[in-house]
file model-v1.pdb (PDB, C-alpha atoms (C1' of nucleotides))
ATOM      1  CA  MET A   2     -20.485  33.601  44.308
ATOM      2  CA  SER A   3     -17.230  31.706  44.025
ATOM      3  CA  GLU A   4     -14.477  32.554  41.603
ATOM      4  CA  GLN A   5     -15.479  31.301  38.204
ATOM      5  CA  SER A   6     -14.073  31.444  34.728
ATOM      6  CA  TYR A   7     -15.341  34.208  32.513
ATOM      7  CA  TYR A   8     -17.455  31.780  30.537
ATOM      8  CA  ASP A   9     -19.262  30.657  33.680
ATOM      9  CA  LEU A  10     -20.068  34.263  34.473
ATOM     10  CA  VAL A  11     -21.260  34.860  30.931
ATOM     11  CA  TYR A  12     -23.464  31.785  31.076
ATOM     12  CA  TYR A  13     -24.900  32.971  34.365
ATOM     13  CA  ILE A  14     -25.750  36.422  33.064
ATOM     14  CA  THR A  15     -27.079  35.076  29.795
ATOM     15  CA  GLN A  16     -29.404  32.754  31.620
ATOM     16  CA  LYS A  17     -30.626  35.681  33.670
ATOM     17  CA  ILE A  18     -31.780  37.582  30.593
ATOM     18  CA  PRO A  19     -35.578  37.851  30.872
ATOM     19  CA  LEU A  20     -37.575  36.129  28.184
ATOM     20  CA  GLY A  21     -38.510  38.452  25.384
ATOM     21  CA  ARG A  22     -35.537  40.682  26.123
ATOM     22  CA  VAL A  23     -32.031  40.900  24.691
ATOM     23  CA  SER A  24     -28.610  41.959  25.900
ATOM     24  CA  THR A  25     -25.342  42.995  24.308
ATOM     25  CA  TYR A  26     -21.790  41.674  24.471
ATOM     26  CA  GLY A  27     -20.511  45.056  25.565
ATOM     27  CA  ASP A  28     -22.907  45.391  28.478
ATOM     28  CA  ILE A  29     -22.142  41.907  29.744
ATOM     29  CA  ALA A  30     -18.405  42.339  29.264
ATOM     30  CA  ASP A  31     -18.474  45.635  31.092
ATOM     31  CA  TYR A  32     -20.571  44.244  33.924
ATOM     32  CA  LEU A  33     -18.246  41.273  34.352
ATOM     33  CA  SER A  34     -15.194  43.479  33.829
ATOM     34  CA  LEU A  35     -13.902  41.123  31.191
ATOM     35  CA  GLY A  36     -12.402  44.022  29.324
ATOM     36  CA  SER A  37     -13.489  42.705  25.976
ATOM     37  CA  ALA A  38     -16.811  41.959  24.421
ATOM     38  CA  ARG A  39     -15.071  39.286  22.362
ATOM     39  CA  MET A  40     -14.661  37.128  25.426
ATOM     40  CA  VAL A  41     -18.412  37.127  25.855
ATOM     41  CA  GLY A  42     -18.967  36.000  22.288
ATOM     42  CA  TRP A  43     -16.367  33.306  22.766
ATOM     43  CA  ALA A  44     -17.905  31.949  25.882
ATOM     44  CA  LEU A  45     -21.246  31.737  24.116
ATOM     45  CA  THR A  46     -19.636  30.062  21.136
ATOM     46  CA  GLN A  47     -18.249  27.367  23.361
ATOM     47  CA  SER A  48     -21.603  27.056  25.102
ATOM     48  CA  ASN A  49     -23.655  26.398  22.014
ATOM     49  CA  ARG A  50     -20.993  24.133  20.583
ATOM     50  CA  ALA A  51     -20.795  21.977  23.667
ATOM     51  CA  GLY A  52     -24.463  22.485  24.483
ATOM     52  CA  VAL A  53     -23.687  23.650  27.997
ATOM     53  CA  GLY A  54     -26.961  23.498  29.877
ATOM     54  CA  ASP A  55     -29.475  25.949  28.486
ATOM     55  CA  VAL A  56     -27.714  29.118  27.524
ATOM     56  CA  PRO A  57     -30.035  31.391  25.546
ATOM     57  CA  ALA A  58     -27.230  32.812  23.471
ATOM     58  CA  HIS A  59     -29.797  33.995  20.956
ATOM     59  CA  ARG A  60     -30.715  36.721  23.434
ATOM     60  CA  VAL A  61     -27.264  38.229  23.157
ATOM     61  CA  VAL A  62     -26.587  40.539  20.237
ATOM     62  CA  ASN A  63     -24.064  43.232  19.409
ATOM     63  CA  SER A  64     -24.462  46.912  20.289
ATOM     64  CA  LYS A  65     -26.367  47.515  17.065
ATOM     65  CA  GLY A  66     -28.921  44.842  17.837
ATOM     66  CA  GLU A  67     -27.687  42.685  14.976
ATOM     67  CA  LEU A  68     -27.697  38.899  15.194
ATOM     68  CA  SER A  69     -23.973  38.742  14.601
ATOM     69  CA  GLY A  70     -23.695  35.221  15.973
ATOM     70  CA  ARG A  71     -26.512  33.590  14.083
ATOM     71  CA  HIS A  72     -24.024  31.793  11.871
ATOM     72  CA  ASN A  73     -22.564  30.046  14.858
ATOM     73  CA  PHE A  74     -25.818  28.296  15.737
ATOM     74  CA  ALA A  75     -26.901  24.935  14.423
ATOM     75  CA  THR A  76     -28.595  26.816  11.615
ATOM     76  CA  PRO A  77     -28.216  30.492  10.659
ATOM     77  CA  THR A  78     -31.946  30.935  11.078
ATOM     78  CA  LEU A  79     -32.252  29.282  14.469
ATOM     79  CA  MET A  80     -31.276  32.441  16.349
ATOM     80  CA  GLN A  81     -33.883  34.596  14.653
ATOM     81  CA  GLU A  82     -36.558  31.950  14.919
ATOM     82  CA  ARG A  83     -35.939  31.547  18.629
ATOM     83  CA  LEU A  84     -36.088  35.299  19.237
ATOM     84  CA  GLU A  85     -39.313  35.647  17.313
ATOM     85  CA  ALA A  86     -40.691  32.676  19.213
ATOM     86  CA  GLU A  87     -40.040  34.628  22.405
ATOM     87  CA  GLY A  88     -41.756  37.720  21.115
ATOM     88  CA  VAL A  89     -38.713  39.561  19.806
ATOM     89  CA  LEU A  90     -39.271  40.892  16.322
ATOM     90  CA  VAL A  91     -36.269  40.426  14.079
ATOM     91  CA  LYS A  92     -35.914  42.063  10.699
ATOM     92  CA  ASN A  93     -32.986  41.771   8.351
ATOM     93  CA  ASP A  94     -30.929  40.064  11.069
ATOM     94  CA  LYS A  95     -31.517  42.988  13.392
ATOM     95  CA  VAL A  96     -33.642  43.232  16.531
ATOM     96  CA  GLN A  97     -36.508  45.627  16.047
ATOM     97  CA  ASN A  98     -37.292  47.909  18.963
ATOM     98  CA  PHE A  99     -33.874  46.887  20.217
ATOM     99  CA  LYS A 100     -33.447  50.014  22.267
ATOM    100  CA  GLU A 101     -36.461  49.109  24.387
ATOM    101  CA  LEU A 102     -35.799  45.379  24.532
ATOM    102  CA  ARG A 103     -32.193  45.905  25.586
ATOM    103  CA  TRP A 104     -31.567  44.418  29.014
ATOM    104  CA  HIS A 105     -28.790  45.538  31.345
ATOM    105  CA  PRO A 106     -27.025  43.029  33.687
ATOM    106  CA  GLU A 107     -26.928  45.689  36.378
ATOM    107  CA  GLU A 108     -30.666  45.193  36.780
ATOM    108  CA  LEU A 109     -29.788  42.028  38.676
ATOM    109  CA  ASP A 110     -27.977  44.107  41.245
ATOM    110  CA  GLU A 111     -30.975  46.326  41.814
ATOM    111  CA  SER A 112     -33.393  43.470  41.845
TER
ATOM    112  C1'  DC B   6       7.407  31.135  20.486
ATOM    113  C1'  DA B   7       4.940  34.100  16.739
ATOM    114  C1'  DG B   8       1.058  35.361  14.189
ATOM    115  C1'  DC B   9      -3.799  35.185  12.824
ATOM    116  C1'  DT B  10      -8.525  34.900  13.862
ATOM    117  C1'  DG B  11     -12.772  35.949  16.072
ATOM    118  C1'  DA B  12     -20.679  35.932  18.085
ATOM    119  C1'  DC B  13     -17.210  43.206  19.618
ATOM    120  C1'  DG B  14     -17.005  48.380  20.601
ATOM    121  C1'  DC B  15     -15.666  52.839  19.995
ATOM    122  C1'  DA B  16     -13.284  56.730  17.885
ATOM    123  C1'  DT B  17     -12.108  59.041  13.799
ATOM    124  C1'  DA B  18     -12.253  60.517   8.862
TER
ATOM    125  C1'  DG C  15     -23.781  55.551   6.142
ATOM    126  C1'  DT C  16     -19.173  53.386   4.839
ATOM    127  C1'  DA C  17     -14.168  52.584   5.779
ATOM    128  C1'  DT C  18     -10.120  52.085   8.765
ATOM    129  C1'  DG C  19      -7.619  51.583  12.998
ATOM    130  C1'  DC C  20      -6.914  50.372  17.814
ATOM    131  C1'  DG C  21      -7.855  47.815  22.066
ATOM    132  C1'  DC C  22      -8.997  43.538  24.100
ATOM    133  C1'  DC C  23      -7.826  38.468  25.250
ATOM    134  C1'  DA C  24      -8.312  33.411  24.518
ATOM    135  C1'  DG C  25      -7.580  29.640  21.320
ATOM    136  C1'  DC C  26      -5.688  27.512  17.166
ATOM    137  C1'  DT C  27      -2.106  26.736  13.456
TER
END
call {"tool": "encode", "arguments": {"input": "model-v1.pdb", "output": "structure tokens"}}
result
Amino acid sequence: MSEQSYYDLVYYITQKIPLGRVSTYGDIADYLSLGSARMVGWALTQSNRAGVGDVPAHRVVNSKGELSGRHNFATPTLMQERLEAEGVLVKNDKVQNFKELRWHPEELDES
DNA sequence: CAGCTGACGCATA
DNA sequence: GTATGCGCCAGCT
């Protein structure tokens, strides 16, 4: 792949998250060697704001499985609704069974 | 140019 | 489990 900005890499990984699964900022940041999970959140913020393609940002949560970015979506409930629509159970703004639903970017490398 | 903020993460107390 | 601090880096005031 050519040299891309960190957001492009984040978008790429985010789009690769299997449906019904979730990932974390830390895992993505570490995989892309961004050095900071904040950069991942920022890239996603820009993506949903500008509506860049189809970036399932709702599948990206923090290390605790909490929907920390729900407030950044069109509506605070959109993130949870989308996750539940994909089969991910969300309770109290937290992904249930998160530990099992957690998806690691490195799986792409093994694929 | 300086400082603050922010969809985070981890260590420590 | 809650509170505080540090690192991290881009963007905005």
call {"tool": "atom_distance", "arguments": {"input": "model-v1.pdb", "atom1": "CA of Thr25 in chain A", "atom2": "CA of Leu90 in chain A"}}
result
16.2 Å
call {"tool": "residues_around", "arguments": {"input": "model-v1.pdb", "residues": "Tyr26 in chain A", "least_positions_apart": "5", "cutoff": "6 Å", "atoms": "all atoms listed in the file", "output": "ChimeraX atom specification"}}
result
/A:38,41,63
call {"tool": "interface_residues", "arguments": {"input": "model-v1.pdb", "of": "chain A", "to": "chain C", "cutoff": "9 Å", "atoms": "all atoms listed in the file", "output": "JSON, numbers by chain"}}
result
{"A": [35, 36, 37, 38, 39, 40, 43]}
call {"tool": "interface_residues", "arguments": {"input": "model-v1.pdb", "of": "chain A", "to": "chain B", "cutoff": "12 Å", "atoms": "all atoms listed in the file", "output": "PyMOL selection string"}}
result
chain A and resi 25-31+36-49+58-74+77+80
call {"tool": "atom_distance", "arguments": {"input": "model-v1.pdb", "atom1": "CA of Lys100 in chain A", "atom2": "CA of Arg22 in chain A"}}
result
10.3 Å
call {"tool": "residues_near_point", "arguments": {"input": "model-v1.pdb", "point": "(-33.9, 40.3, 26.2)", "cutoff": "7 Å", "atoms": "all atoms listed in the file", "output": "mmCIF file with C-alpha atoms, keeping the file's coordinate frame"}}
result
data_model
loop_
_atom_site.group_PDB
_atom_site.id
_atom_site.type_symbol
_atom_site.label_atom_id
_atom_site.label_comp_id
_atom_site.auth_asym_id
_atom_site.auth_seq_id
_atom_site.Cartn_x
_atom_site.Cartn_y
_atom_site.Cartn_z
ATOM 1 C CA ILE A 18 -31.780 37.582 30.593
ATOM 2 C CA PRO A 19 -35.578 37.851 30.872
ATOM 3 C CA LEU A 20 -37.575 36.129 28.184
ATOM 4 C CA GLY A 21 -38.510 38.452 25.384
ATOM 5 C CA ARG A 22 -35.537 40.682 26.123
ATOM 6 C CA VAL A 23 -32.031 40.900 24.691
ATOM 7 C CA SER A 24 -28.610 41.959 25.900
ATOM 8 C CA ARG A 60 -30.715 36.721 23.434
ATOM 9 C CA LEU A 102 -35.799 45.379 24.532
ATOM 10 C CA ARG A 103 -32.193 45.905 25.586
ATOM 11 C CA TRP A 104 -31.567 44.418 29.014
#
call {"tool": "atom_distance", "arguments": {"input": "model-v1.pdb", "atom1": "CA of Val53 in chain A", "atom2": "CA of Lys95 in chain A"}}
result
25.5 Å
call {"tool": "build_atoms", "arguments": {"input": "model-v1.pdb", "residues": "range 5-29 of chain A", "atoms": "N, CA, C and O atoms", "output": "PDB file, in the coordinates of the input"}}
result
ATOM      1  N   GLN A   5     -15.187  32.155  39.345  1.00  0.00           N
ATOM      2  CA  GLN A   5     -15.479  31.301  38.204  1.00  0.00           C
ATOM      3  C   GLN A   5     -14.780  31.842  36.966  1.00  0.00           C
ATOM      4  O   GLN A   5     -14.378  32.977  36.919  1.00  0.00           O
ATOM      5  N   SER A   6     -14.671  31.004  35.981  1.00  0.00           N
ATOM      6  CA  SER A   6     -14.073  31.444  34.728  1.00  0.00           C
ATOM      7  C   SER A   6     -15.016  32.422  34.046  1.00  0.00           C
ATOM      8  O   SER A   6     -16.206  32.463  34.359  1.00  0.00           O
ATOM      9  N   TYR A   7     -14.497  33.207  33.145  1.00  0.00           N
ATOM     10  CA  TYR A   7     -15.341  34.208  32.513  1.00  0.00           C
ATOM     11  C   TYR A   7     -16.500  33.587  31.767  1.00  0.00           C
ATOM     12  O   TYR A   7     -17.562  34.154  31.680  1.00  0.00           O
ATOM     13  N   TYR A   8     -16.311  32.373  31.224  1.00  0.00           N
ATOM     14  CA  TYR A   8     -17.455  31.780  30.537  1.00  0.00           C
ATOM     15  C   TYR A   8     -18.585  31.478  31.505  1.00  0.00           C
ATOM     16  O   TYR A   8     -19.738  31.649  31.190  1.00  0.00           O
ATOM     17  N   ASP A   9     -18.226  30.981  32.697  1.00  0.00           N
ATOM     18  CA  ASP A   9     -19.262  30.657  33.680  1.00  0.00           C
ATOM     19  C   ASP A   9     -20.067  31.901  34.032  1.00  0.00           C
ATOM     20  O   ASP A   9     -21.277  31.847  34.180  1.00  0.00           O
ATOM     21  N   LEU A  10     -19.383  33.012  34.152  1.00  0.00           N
ATOM     22  CA  LEU A  10     -20.068  34.263  34.473  1.00  0.00           C
ATOM     23  C   LEU A  10     -20.972  34.680  33.320  1.00  0.00           C
ATOM     24  O   LEU A  10     -22.087  35.134  33.520  1.00  0.00           O
ATOM     25  N   VAL A  11     -20.465  34.505  32.119  1.00  0.00           N
ATOM     26  CA  VAL A  11     -21.260  34.860  30.931  1.00  0.00           C
ATOM     27  C   VAL A  11     -22.500  33.982  30.850  1.00  0.00           C
ATOM     28  O   VAL A  11     -23.594  34.458  30.580  1.00  0.00           O
ATOM     29  N   TYR A  12     -22.324  32.698  31.105  1.00  0.00           N
ATOM     30  CA  TYR A  12     -23.464  31.785  31.076  1.00  0.00           C
ATOM     31  C   TYR A  12     -24.496  32.227  32.112  1.00  0.00           C
ATOM     32  O   TYR A  12     -25.688  32.240  31.836  1.00  0.00           O
ATOM     33  N   TYR A  13     -24.011  32.570  33.272  1.00  0.00           N
ATOM     34  CA  TYR A  13     -24.900  32.971  34.365  1.00  0.00           C
ATOM     35  C   TYR A  13     -25.729  34.191  33.958  1.00  0.00           C
ATOM     36  O   TYR A  13     -26.950  34.202  34.082  1.00  0.00           O
ATOM     37  N   ILE A  14     -25.054  35.200  33.476  1.00  0.00           N
ATOM     38  CA  ILE A  14     -25.750  36.422  33.064  1.00  0.00           C
ATOM     39  C   ILE A  14     -26.708  36.143  31.923  1.00  0.00           C
ATOM     40  O   ILE A  14     -27.846  36.600  31.922  1.00  0.00           O
ATOM     41  N   THR A  15     -26.245  35.374  30.962  1.00  0.00           N
ATOM     42  CA  THR A  15     -27.079  35.076  29.795  1.00  0.00           C
ATOM     43  C   THR A  15     -28.359  34.359  30.205  1.00  0.00           C
ATOM     44  O   THR A  15     -29.432  34.648  29.702  1.00  0.00           O
ATOM     45  N   GLN A  16     -28.224  33.475  31.147  1.00  0.00           N
ATOM     46  CA  GLN A  16     -29.404  32.754  31.620  1.00  0.00           C
ATOM     47  C   GLN A  16     -30.337  33.664  32.398  1.00  0.00           C
ATOM     48  O   GLN A  16     -31.529  33.377  32.525  1.00  0.00           O
ATOM     49  N   LYS A  17     -29.814  34.747  32.890  1.00  0.00           N
ATOM     50  CA  LYS A  17     -30.626  35.681  33.670  1.00  0.00           C
ATOM     51  C   LYS A  17     -31.373  36.675  32.777  1.00  0.00           C
ATOM     52  O   LYS A  17     -32.203  37.442  33.255  1.00  0.00           O
ATOM     53  N   ILE A  18     -31.077  36.669  31.504  1.00  0.00           N
ATOM     54  CA  ILE A  18     -31.780  37.582  30.593  1.00  0.00           C
ATOM     55  C   ILE A  18     -33.250  37.186  30.536  1.00  0.00           C
ATOM     56  O   ILE A  18     -33.571  36.058  30.201  1.00  0.00           O
ATOM     57  N   PRO A  19     -34.140  38.124  30.873  1.00  0.00           N
ATOM     58  CA  PRO A  19     -35.578  37.851  30.872  1.00  0.00           C
ATOM     59  C   PRO A  19     -36.060  37.436  29.492  1.00  0.00           C
ATOM     60  O   PRO A  19     -35.540  37.907  28.485  1.00  0.00           O
ATOM     61  N   LEU A  20     -37.039  36.580  29.460  1.00  0.00           N
ATOM     62  CA  LEU A  20     -37.575  36.129  28.184  1.00  0.00           C
ATOM     63  C   LEU A  20     -38.217  37.296  27.450  1.00  0.00           C
ATOM     64  O   LEU A  20     -38.895  38.114  28.044  1.00  0.00           O
ATOM     65  N   GLY A  21     -37.962  37.361  26.175  1.00  0.00           N
ATOM     66  CA  GLY A  21     -38.510  38.452  25.384  1.00  0.00           C
ATOM     67  C   GLY A  21     -37.613  39.682  25.405  1.00  0.00           C
ATOM     68  O   GLY A  21     -37.938  40.708  24.838  1.00  0.00           O
ATOM     69  N   ARG A  22     -36.473  39.558  26.065  1.00  0.00           N
ATOM     70  CA  ARG A  22     -35.537  40.682  26.123  1.00  0.00           C
ATOM     71  C   ARG A  22     -34.197  40.252  25.551  1.00  0.00           C
ATOM     72  O   ARG A  22     -33.918  39.069  25.391  1.00  0.00           O
ATOM     73  N   VAL A  23     -33.345  41.213  25.255  1.00  0.00           N
ATOM     74  CA  VAL A  23     -32.031  40.900  24.691  1.00  0.00           C
ATOM     75  C   VAL A  23     -30.951  41.705  25.408  1.00  0.00           C
ATOM     76  O   VAL A  23     -31.238  42.700  26.046  1.00  0.00           O
ATOM     77  N   SER A  24     -29.727  41.241  25.289  1.00  0.00           N
ATOM     78  CA  SER A  24     -28.610  41.959  25.900  1.00  0.00           C
ATOM     79  C   SER A  24     -27.482  42.081  24.876  1.00  0.00           C
ATOM     80  O   SER A  24     -27.563  41.516  23.798  1.00  0.00           O
ATOM     81  N   THR A  25     -26.445  42.801  25.248  1.00  0.00           N
ATOM     82  CA  THR A  25     -25.342  42.995  24.308  1.00  0.00           C
ATOM     83  C   THR A  25     -24.030  42.490  24.901  1.00  0.00           C
ATOM     84  O   THR A  25     -23.877  42.406  26.113  1.00  0.00           O
ATOM     85  N   TYR A  26     -23.100  42.165  24.045  1.00  0.00           N
ATOM     86  CA  TYR A  26     -21.790  41.674  24.471  1.00  0.00           C
ATOM     87  C   TYR A  26     -21.098  42.737  25.324  1.00  0.00           C
ATOM     88  O   TYR A  26     -20.479  42.435  26.341  1.00  0.00           O
ATOM     89  N   GLY A  27     -21.184  43.957  24.874  1.00  0.00           N
ATOM     90  CA  GLY A  27     -20.511  45.056  25.565  1.00  0.00           C
ATOM     91  C   GLY A  27     -21.022  45.245  26.982  1.00  0.00           C
ATOM     92  O   GLY A  27     -20.236  45.427  27.909  1.00  0.00           O
ATOM     93  N   ASP A  28     -22.329  45.194  27.147  1.00  0.00           N
ATOM     94  CA  ASP A  28     -22.907  45.391  28.478  1.00  0.00           C
ATOM     95  C   ASP A  28     -22.471  44.280  29.417  1.00  0.00           C
ATOM     96  O   ASP A  28     -22.098  44.518  30.560  1.00  0.00           O
ATOM     97  N   ILE A  29     -22.527  43.058  28.928  1.00  0.00           N
ATOM     98  CA  ILE A  29     -22.142  41.907  29.744  1.00  0.00           C
ATOM     99  C   ILE A  29     -20.651  41.968  30.072  1.00  0.00           C
ATOM    100  O   ILE A  29     -20.247  41.774  31.215  1.00  0.00           O
TER     101      ILE A  29
END
